[in-house]
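Colleague: Dropping in work_12.cif, which is mmCIF, C-alpha atoms:
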```cif
data_run
loop_
_atom_site.label_atom_id
_atom_site.label_comp_id
_atom_site.auth_asym_id
_atom_site.auth_seq_id
_atom_site.Cartn_x
_atom_site.Cartn_y
_atom_site.Cartn_z
CA MET J 1 4.67 14.12 -4.50
CA VAL J 2 2.38 16.98 -5.55
CA SER J 3 -1.31 17.35 -4.77
CA VAL J 4 -3.62 19.49 -6.91
CA THR J 5 -7.01 20.63 -5.60
CA ARG J 6 -9.69 22.64 -7.37
CA ALA J 7 -12.27 25.02 -5.85
CA VAL J 8 -14.47 27.98 -6.77
CA PHE J 9 -12.68 31.29 -6.12
CA GLY J 10 -15.55 33.62 -7.04
CA ASP J 11 -18.16 34.66 -9.59
CA LEU J 12 -17.68 37.44 -12.10
CA PRO J 13 -20.30 40.22 -12.07
CA SER J 14 -23.46 40.02 -14.22
CA GLY J 15 -23.17 36.28 -14.83
CA ALA J 16 -19.91 36.52 -16.81
CA GLY J 17 -18.69 33.20 -15.41
CA THR J 18 -16.99 31.52 -12.47
CA VAL J 19 -13.33 31.86 -11.54
CA GLU J 20 -11.70 28.72 -10.13
CA LYS J 21 -8.70 28.34 -7.83
CA PHE J 22 -6.13 25.55 -8.15
CA GLN J 23 -3.91 24.75 -5.20
CA LEU J 24 -0.62 23.00 -5.98
CA GLN J 25 1.14 21.58 -2.93
CA SER J 26 4.49 19.82 -2.46
CA ASP J 27 6.40 19.17 0.75
CA LEU J 28 8.12 22.57 0.30
CA LEU J 29 5.67 24.90 -1.48
CA LYS J 30 1.97 25.67 -1.63
CA VAL J 31 0.80 27.73 -4.61
CA ASP J 32 -2.70 29.08 -5.38
CA ILE J 33 -3.47 30.00 -8.99
CA ILE J 34 -6.80 31.26 -10.35
CA SER J 35 -8.27 31.01 -13.84
CA TRP J 36 -8.68 34.82 -14.03
CA GLY J 37 -5.46 35.91 -15.74
CA CYS J 38 -3.65 32.66 -14.73
CA THR J 39 -2.94 34.64 -11.56
CA ILE J 40 -0.77 33.39 -8.69
CA THR J 41 -2.75 34.58 -5.64
CA ALA J 42 -0.66 32.96 -2.88
CA LEU J 43 2.69 31.19 -2.58
CA GLU J 44 3.66 29.76 0.80
CA VAL J 45 7.34 29.07 1.49
CA LYS J 46 8.95 27.88 4.71
CA ASP J 47 11.67 29.89 6.45
CA ARG J 48 14.75 28.37 8.11
CA GLN J 49 12.64 27.54 11.19
CA GLY J 50 10.15 25.67 9.02
CA ARG J 51 7.45 28.37 9.37
CA ALA J 52 5.49 29.00 6.18
CA SER J 53 4.67 32.51 4.98
CA ASP J 54 2.90 33.74 1.87
CA VAL J 55 5.54 35.60 -0.16
CA VAL J 56 3.44 37.13 -2.98
CA LEU J 57 1.34 40.30 -2.90
CA GLY J 58 -2.33 39.98 -3.81
CA PHE J 59 -5.91 39.64 -2.63
CA ALA J 60 -7.92 37.05 -0.75
CA GLU J 61 -11.02 37.57 -2.88
CA LEU J 62 -11.84 37.92 -6.57
CA GLU J 63 -13.09 41.52 -6.15
CA GLY J 64 -9.51 42.59 -5.40
CA TYR J 65 -8.34 41.38 -8.78
CA LEU J 66 -11.24 42.98 -10.67
CA GLN J 67 -10.40 46.50 -9.42
CA LYS J 68 -7.67 48.66 -10.92
CA GLN J 69 -4.49 47.08 -9.59
CA PRO J 70 -0.91 46.62 -10.83
CA TYR J 71 -1.10 43.12 -12.39
CA PHE J 72 -0.50 41.28 -9.09
CA GLY J 73 0.49 37.68 -9.90
CA ALA J 74 -0.99 37.72 -13.41
CA VAL J 75 0.15 36.48 -16.79
CA VAL J 76 0.45 39.52 -19.05
CA GLY J 77 0.19 39.57 -22.86
CA ARG J 78 -0.22 39.45 -25.82
CA VAL J 79 2.90 41.60 -25.39
CA ALA J 80 4.28 42.18 -21.90
CA ASN J 81 5.97 45.49 -21.10
CA ARG J 82 5.80 48.64 -23.23
CA ILE J 83 5.34 49.30 -26.94
CA ALA J 84 6.26 52.89 -27.85
CA LYS J 85 3.25 55.05 -28.77
CA GLY J 86 1.17 51.86 -29.09
CA THR J 87 2.13 51.35 -32.74
CA PHE J 88 4.26 48.91 -34.73
CA MET J 89 4.71 47.69 -38.30
CA VAL J 90 4.50 44.08 -39.48
CA ASP J 91 5.24 43.28 -43.13
CA GLY J 92 4.65 46.90 -44.16
CA LYS J 93 1.33 47.31 -42.32
CA GLU J 94 0.92 49.60 -39.33
CA TYR J 95 -1.00 48.38 -36.27
CA LYS J 96 -2.39 50.68 -33.58
CA LEU J 97 -2.90 49.47 -30.02
CA ALA J 98 -4.69 50.98 -27.04
CA VAL J 99 -2.47 53.50 -25.28
CA ASN J 100 -2.81 52.78 -21.56
CA ASN J 101 0.44 53.92 -19.94
CA GLY J 102 1.33 57.53 -20.67
CA PRO J 103 1.87 57.65 -24.45
CA ASN J 104 2.56 53.90 -24.67
CA SER J 105 0.83 50.53 -24.71
CA LEU J 106 1.59 48.39 -21.62
CA HIS J 107 1.08 44.66 -20.90
CA GLY J 108 -1.27 43.90 -23.79
CA GLY J 109 -3.56 46.93 -23.57
CA VAL J 110 -6.77 47.85 -21.78
CA ARG J 111 -8.02 44.27 -21.49
CA GLY J 112 -4.94 42.11 -21.74
CA PHE J 113 -4.45 38.43 -20.91
CA ASP J 114 -4.56 39.33 -17.18
CA LYS J 115 -8.24 40.42 -17.42
CA VAL J 116 -9.86 37.32 -18.96
CA VAL J 117 -10.93 33.88 -17.77
CA TRP J 118 -8.74 31.06 -19.08
CA THR J 119 -9.82 27.44 -19.59
CA PRO J 120 -8.13 25.16 -17.03
CA GLN J 121 -7.00 21.56 -17.28
CA VAL J 122 -5.75 19.79 -14.15
CA LEU J 123 -2.46 17.87 -14.49
CA SER J 124 -0.94 15.36 -12.08
CA ASN J 125 1.57 17.94 -10.78
CA GLY J 126 0.01 21.24 -11.85
CA VAL J 127 -2.51 23.02 -14.03
CA GLN J 128 -2.58 24.14 -17.66
CA PHE J 129 -4.59 27.17 -18.78
CA SER J 130 -5.49 27.89 -22.40
CA ARG J 131 -7.31 30.53 -24.40
CA ILE J 132 -7.69 31.80 -27.94
CA SER J 133 -6.96 35.49 -28.35
CA PRO J 134 -9.11 36.53 -31.32
CA ASP J 135 -7.80 38.35 -34.39
CA GLY J 136 -7.75 42.08 -33.61
CA GLU J 137 -7.95 41.68 -29.83
CA GLU J 138 -6.55 44.94 -28.37
CA GLY J 139 -5.39 45.79 -31.91
CA TYR J 140 -3.05 42.81 -32.41
CA PRO J 141 -3.04 40.93 -35.74
CA GLY J 142 -4.21 37.34 -36.10
CA GLU J 143 -5.69 34.74 -33.82
CA LEU J 144 -3.32 33.49 -31.12
CA LYS J 145 -3.73 30.16 -29.34
CA VAL J 146 -2.03 30.31 -25.93
CA TRP J 147 -1.19 27.74 -23.26
CA VAL J 148 0.26 28.58 -19.83
CA THR J 149 1.30 25.61 -17.68
CA TYR J 150 2.24 25.74 -14.00
CA THR J 151 3.90 22.65 -12.53
CA LEU J 152 5.39 22.05 -9.10
CA ASP J 153 8.37 19.89 -8.20
CA GLY J 154 9.58 20.13 -4.59
CA GLY J 155 10.68 23.73 -4.09
CA GLU J 156 10.47 24.65 -7.77
CA LEU J 157 7.54 26.24 -9.61
CA MET J 158 7.87 25.97 -13.39
CA VAL J 159 5.88 28.21 -15.74
CA ASN J 160 5.77 27.29 -19.44
CA TYR J 161 4.27 29.59 -22.09
CA ARG J 162 3.34 28.34 -25.56
CA ALA J 163 1.60 30.14 -28.41
CA GLN J 164 0.69 29.63 -32.08
CA ALA J 165 -0.40 32.43 -34.43
CA SER J 166 -2.61 32.54 -37.54
CA GLN J 167 -0.86 35.76 -38.68
CA THR J 168 2.51 37.29 -37.90
CA THR J 169 2.25 39.03 -34.51
CA PRO J 170 4.52 40.11 -31.69
CA VAL J 171 4.26 37.84 -28.62
CA ASN J 172 5.89 38.31 -25.23
CA LEU J 173 4.42 36.53 -22.19
CA THR J 174 5.47 36.76 -18.57
CA ASN J 175 4.21 36.44 -15.01
CA HIS J 176 3.88 39.65 -12.99
CA SER J 177 4.11 38.30 -9.42
CA TYR J 178 5.31 40.72 -6.76
CA PHE J 179 7.45 38.94 -4.16
CA ASN J 180 8.45 39.84 -0.62
CA LEU J 181 10.52 37.04 0.90
CA ALA J 182 9.93 38.39 4.43
CA GLY J 183 6.24 37.62 3.82
CA GLN J 184 3.65 39.67 1.96
CA GLY J 185 2.54 42.65 4.03
CA SER J 186 6.10 43.32 5.22
CA PRO J 187 6.71 47.05 4.75
CA ASN J 188 9.59 46.94 2.24
CA ILE J 189 12.21 44.87 0.43
CA TYR J 190 15.26 46.92 1.49
CA ASP J 191 16.77 43.97 3.43
CA HIS J 192 16.65 41.69 0.35
CA GLU J 193 19.97 40.81 -1.26
CA VAL J 194 19.69 40.77 -5.07
CA THR J 195 21.87 39.27 -7.80
CA ILE J 196 21.08 39.51 -11.53
CA GLU J 197 23.26 37.68 -14.04
CA ALA J 198 23.41 40.44 -16.66
CA ASP J 199 26.36 42.27 -18.23
CA ALA J 200 24.07 44.84 -19.88
CA PHE J 201 20.78 46.66 -19.35
CA LEU J 202 18.49 48.90 -21.38
CA PRO J 203 18.49 52.61 -20.48
CA VAL J 204 15.02 54.17 -20.87
CA ASP J 205 13.52 57.57 -21.72
CA GLU J 206 11.15 59.48 -19.43
CA THR J 207 8.22 57.28 -20.57
CA LEU J 208 10.19 54.08 -19.73
CA ILE J 209 10.75 53.09 -23.37
CA PRO J 210 14.28 51.79 -24.11
CA THR J 211 16.41 54.39 -25.89
CA GLY J 212 17.89 51.68 -28.11
CA GLU J 213 21.24 51.61 -26.35
CA VAL J 214 22.40 48.30 -24.85
CA ALA J 215 24.53 49.65 -21.99
CA PRO J 216 27.17 47.78 -19.98
CA VAL J 217 26.28 47.49 -16.27
CA GLN J 218 29.93 47.86 -15.25
CA GLY J 219 30.40 50.84 -12.92
CA THR J 220 26.68 51.67 -12.73
CA ALA J 221 23.80 51.11 -10.29
CA PHE J 222 22.73 48.30 -12.63
CA ASP J 223 25.71 46.09 -11.89
CA LEU J 224 23.99 43.43 -9.82
CA ARG J 225 26.29 40.57 -10.84
CA LYS J 226 27.47 40.34 -7.24
CA PRO J 227 24.87 40.44 -4.43
CA VAL J 228 23.73 43.87 -3.25
CA GLU J 229 21.47 44.71 -0.34
CA LEU J 230 18.68 46.61 -2.03
CA GLY J 231 18.02 49.45 0.44
CA LYS J 232 21.69 50.36 0.82
CA HIS J 233 22.23 50.08 -2.93
CA LEU J 234 19.35 52.45 -3.78
CA GLN J 235 20.71 54.96 -1.25
CA GLU J 236 24.29 54.66 -2.43
CA PHE J 237 23.36 55.34 -6.06
CA ARG J 238 20.53 57.77 -5.18
CA ILE J 239 17.99 56.01 -7.36
CA HIS J 240 14.28 55.64 -6.66
CA GLY J 241 14.10 51.98 -7.63
CA PHE J 242 14.44 49.71 -10.63
CA ASP J 243 12.06 49.29 -13.56
CA HIS J 244 14.49 48.15 -16.22
CA ASN J 245 15.20 45.28 -18.55
CA PHE J 246 18.40 43.39 -17.81
CA CYS J 247 19.93 41.62 -20.82
CA LEU J 248 20.55 37.94 -20.14
CA LYS J 249 22.54 35.38 -22.11
CA GLY J 250 21.23 35.01 -25.65
CA SER J 251 20.85 31.24 -25.30
CA LYS J 252 17.44 29.55 -25.82
CA ASP J 253 18.44 26.99 -23.20
CA LYS J 254 17.68 27.26 -19.49
CA HIS J 255 20.04 29.80 -17.92
CA PHE J 256 20.45 31.41 -14.51
CA CYS J 257 18.74 34.78 -14.29
CA ALA J 258 18.56 36.07 -10.72
CA ARG J 259 18.87 35.22 -7.04
CA VAL J 260 17.23 37.02 -4.14
CA HIS J 261 18.12 36.18 -0.52
CA HIS J 262 16.31 37.42 2.57
CA ALA J 263 18.75 36.98 5.45
CA GLY J 264 16.13 37.45 8.19
CA SER J 265 14.06 34.42 7.19
CA GLY J 266 16.72 32.54 5.24
CA ARG J 267 14.44 32.34 2.19
CA VAL J 268 16.11 32.27 -1.21
CA LEU J 269 14.47 32.66 -4.63
CA GLU J 270 16.45 31.67 -7.71
CA VAL J 271 15.06 32.35 -11.18
CA TYR J 272 16.08 30.45 -14.31
CA THR J 273 14.65 31.08 -17.76
CA THR J 274 14.93 30.52 -21.51
CA GLN J 275 14.12 34.20 -22.14
CA PRO J 276 16.65 36.86 -23.27
CA GLY J 277 15.67 39.44 -20.65
CA VAL J 278 14.22 40.13 -17.22
CA GLN J 279 12.43 43.27 -16.07
CA PHE J 280 13.51 43.92 -12.51
CA TYR J 281 10.84 46.09 -10.92
CA THR J 282 10.90 47.23 -7.30
CA GLY J 283 7.26 48.26 -6.88
CA ASN J 284 8.00 51.96 -7.41
CA PHE J 285 4.37 52.75 -8.25
CA LEU J 286 2.84 50.97 -5.25
CA ASP J 287 1.41 53.66 -2.98
CA GLY J 288 -0.30 51.95 -0.04
CA THR J 289 -3.86 52.54 -1.31
CA LEU J 290 -4.66 48.88 -2.09
CA LYS J 291 -5.81 46.60 0.74
CA GLY J 292 -4.29 43.17 0.29
CA LYS J 293 -4.45 39.79 2.02
CA SER J 294 -4.82 39.72 5.82
CA GLY J 295 -5.37 43.49 5.88
CA ALA J 296 -1.93 44.21 4.40
CA VAL J 297 -1.25 47.49 2.63
CA TYR J 298 1.33 47.66 -0.13
CA PRO J 299 3.43 50.85 -0.01
CA LYS J 300 6.22 51.76 -2.44
CA HIS J 301 9.00 49.14 -2.54
CA SER J 302 6.97 46.51 -0.63
CA GLY J 303 7.44 43.90 -3.37
CA PHE J 304 9.70 43.12 -6.34
CA CYS J 305 9.04 41.55 -9.73
CA LEU J 306 11.39 39.50 -11.90
CA GLU J 307 9.48 39.46 -15.18
CA THR J 308 11.36 37.17 -17.56
CA GLN J 309 10.66 38.40 -21.06
CA SER J 310 11.72 39.53 -24.49
CA TRP J 311 13.10 43.07 -24.42
CA PRO J 312 10.60 45.97 -24.15
CA ASP J 313 9.53 47.66 -27.42
CA ALA J 314 11.49 45.00 -29.36
CA VAL J 315 8.88 45.09 -32.12
CA ASN J 316 10.08 48.65 -32.91
CA GLN J 317 13.81 48.10 -32.32
CA PRO J 318 15.26 45.80 -35.00
CA HIS J 319 18.58 45.22 -33.19
CA PHE J 320 16.77 43.75 -30.13
CA PRO J 321 16.10 39.96 -30.02
CA PRO J 322 13.09 39.33 -32.30
CA VAL J 323 9.54 39.05 -30.90
CA LEU J 324 7.54 38.28 -34.04
CA LEU J 325 5.81 34.90 -34.16
CA ARG J 326 4.91 33.71 -37.65
CA PRO J 327 2.30 31.13 -38.69
CA GLY J 328 3.70 27.60 -38.42
CA GLU J 329 6.15 28.59 -35.67
CA GLU J 330 5.67 28.01 -31.94
CA TYR J 331 6.45 30.44 -29.15
CA ASP J 332 7.77 28.27 -26.30
CA HIS J 333 9.45 29.70 -23.20
CA THR J 334 9.88 28.46 -19.65
CA THR J 335 10.77 30.14 -16.37
CA TRP J 336 11.65 28.33 -13.13
CA PHE J 337 11.16 29.87 -9.67
CA LYS J 338 13.22 27.82 -7.22
CA PHE J 339 12.76 28.40 -3.48
CA SER J 340 15.13 27.24 -0.74
CA VAL J 341 16.57 28.39 2.58
CA ALA J 342 20.12 29.44 3.35
#
```
Would you give me this structure, written as structure tokens?
Modeller:
Amino acid sequence: MVSVTRAVFGDLPSGAGTVEKFQLQSDLLKVDIISWGCTITALEVKDRQGRASDVVLGFAELEGYLQKQPYFGAVVGRVANRIAKGTFMVDGKEYKLAVNNGPNSLHGGVRGFDKVVWTPQVLSNGVQFSRISPDGEEGYPGELKVWVTYTLDGGELMVNYRAQASQTTPVNLTNHSYFNLAGQGSPNIYDHEVTIEADAFLPVDETLIPTGEVAPVQGTAFDLRKPVELGKHLQEFRIHGFDHNFCLKGSKDKHFCARVHHAGSGRVLEVYTTQPGVQFYTGNFLDGTLKGKSGAVYPKHSGFCLETQSWPDAVNQPHFPPVLLRPGEEYDHTTWFKFSVA
């Protein structure tokens, strides 16, 4: 049994509209999602003692989301992750995007899908958001109709992304929630045990664009096929964190992606997806300057993201799984976040 309630979350400045909050609640999970960027603002999960804690980073008020902040909880698009130098070719024509991350375009540009109000529709067990991204928005070709649907079933939150294009365009949609299974506001994620079901990963250049190589994880810091405790693992391999795409099974069917276990609380997050990749990001750029919920500050490594996705810069790398959506086709991907205790 799932209840869905609807409330005002806040008003945008200069009469630009109202942002609503939708609370989805089952016996195991309580999730708050707002219509600004389809953003997950809170996600309460019980520990092994039955005590609920909010396990996502974010803000209690709309103002927090309107400031410069690292995509907490938001849906990012039209193309998640990086496009090298903000340019790509489709059918012989070059398109130029806003460059907003060093020399590259990141997460849809200056005003991506995370920085707009979506139109909500309440469902019996969730909420569906929709919008039309106009032709030329942030430099992308063609109009794109997009639907993002969140549904709750017991301890599982399902996110479905659908899109239809009027012209051939790259599309890559994901959710950018930062998790800390000890509870948001906990100082780091070093005591989290991580498993990622990937035999290969994408090495990157100094601007975090994939070099083109699809590298085996065997014998590297990226071999997370068996559980590793994050803090010890980073120390052992002397790396500053992860911000890399892991290559999952090529199947379009639902497949296991990752598992994270926090021994202290007993909380477990398992991620399943239909996508070919996942960006594992350990909050390397968090620096403690943002004030979050309940007065929390978010220093480096205080949250992790598992952004299920197509591979970064795939529009410029022909041997990567394709990201172009053509008229008459439908983009349709689903990711499942399953919470339990162990």
Colleague: So how far away is atom CA of J:Gln275 from atom CA of J:Val228, in Å?
Modeller: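 These two atoms are separated by 23.3 Å.
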Colleague: Find the spatial neighbours of stretch 309-317 of chain J, counting all atoms listed in the file, within a cut-off of 7 Å - ignore same-chain residues fewer than 3 positions away - and output them as a list of chain:residue names.
Modeller: J:Asn81, J:Arg82, J:Ile83, J:Ala84, J:Phe88, J:Pro170, J:Asn172, J:Leu173, J:Thr174, J:Ile209, J:Pro210, J:Gly212, J:Asn245, J:Gln275, J:Pro276, J:Gly277, J:Val278, J:Phe320, J:Pro321, J:Pro322, J:Val323
Colleague: Using all atoms listed in the file, can you list as a ChimeraX atom specification the residues within 12 Å of (1.1, 46.1, -38.8)?
Modeller: /J:86-97,136,139-142,167-170,315-316,324
Colleague: Give me, as a PyMOL selection string, all polymer residues having an atom no more than 8 Å from J:Phe72, counting all atoms listed in the file and skipping those fewer than 5 positions away in the same chain.
Modeller: chain J and resi 39-41+57-58+65+176-178
Colleague: For J:Val271, which residue out of J:His301, J:Arg131, J:Lys338, J:Arg238 is the nearest one, using only C-alpha atoms?
Modeller: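 That would be J:Lys338, the residue with the smallest distance to J:Val271.
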Colleague: Which residues are close to J:Gly126, i.e. within 12 Å by only C-alpha atoms, leaving aside same-chain residues fewer than 4 positions away? Reply as an NGL selection string.
Modeller: :J and (1-6 or 21-26 or 30-33 or 120-122 or 148-153 or 156-160)
Colleague: Need to verify the contact set: J:Thr18, 12 Å, only C-alpha atoms, exclusion of same-chain residues closer than 3 positions in sequence. Can you return it as a PyMOL selection string?
Modeller: chain J and resi 7-15+21+34-36+62+116-120
Colleague: Enclose the full set of atoms of stretch 127-145 of chain J listed in the file within a box whose edges lie along x, y and z, apply 4 Å of padding to each of the six sides, and report centre and edge lengths in Å to one decimal as lines of an AutoDock Vina configuration file.
Modeller:
```
center_x = -5.8
center_y = 34.4
center_z = -25.1
size_x = 14.6
size_y = 30.8
size_z = 30.1
```
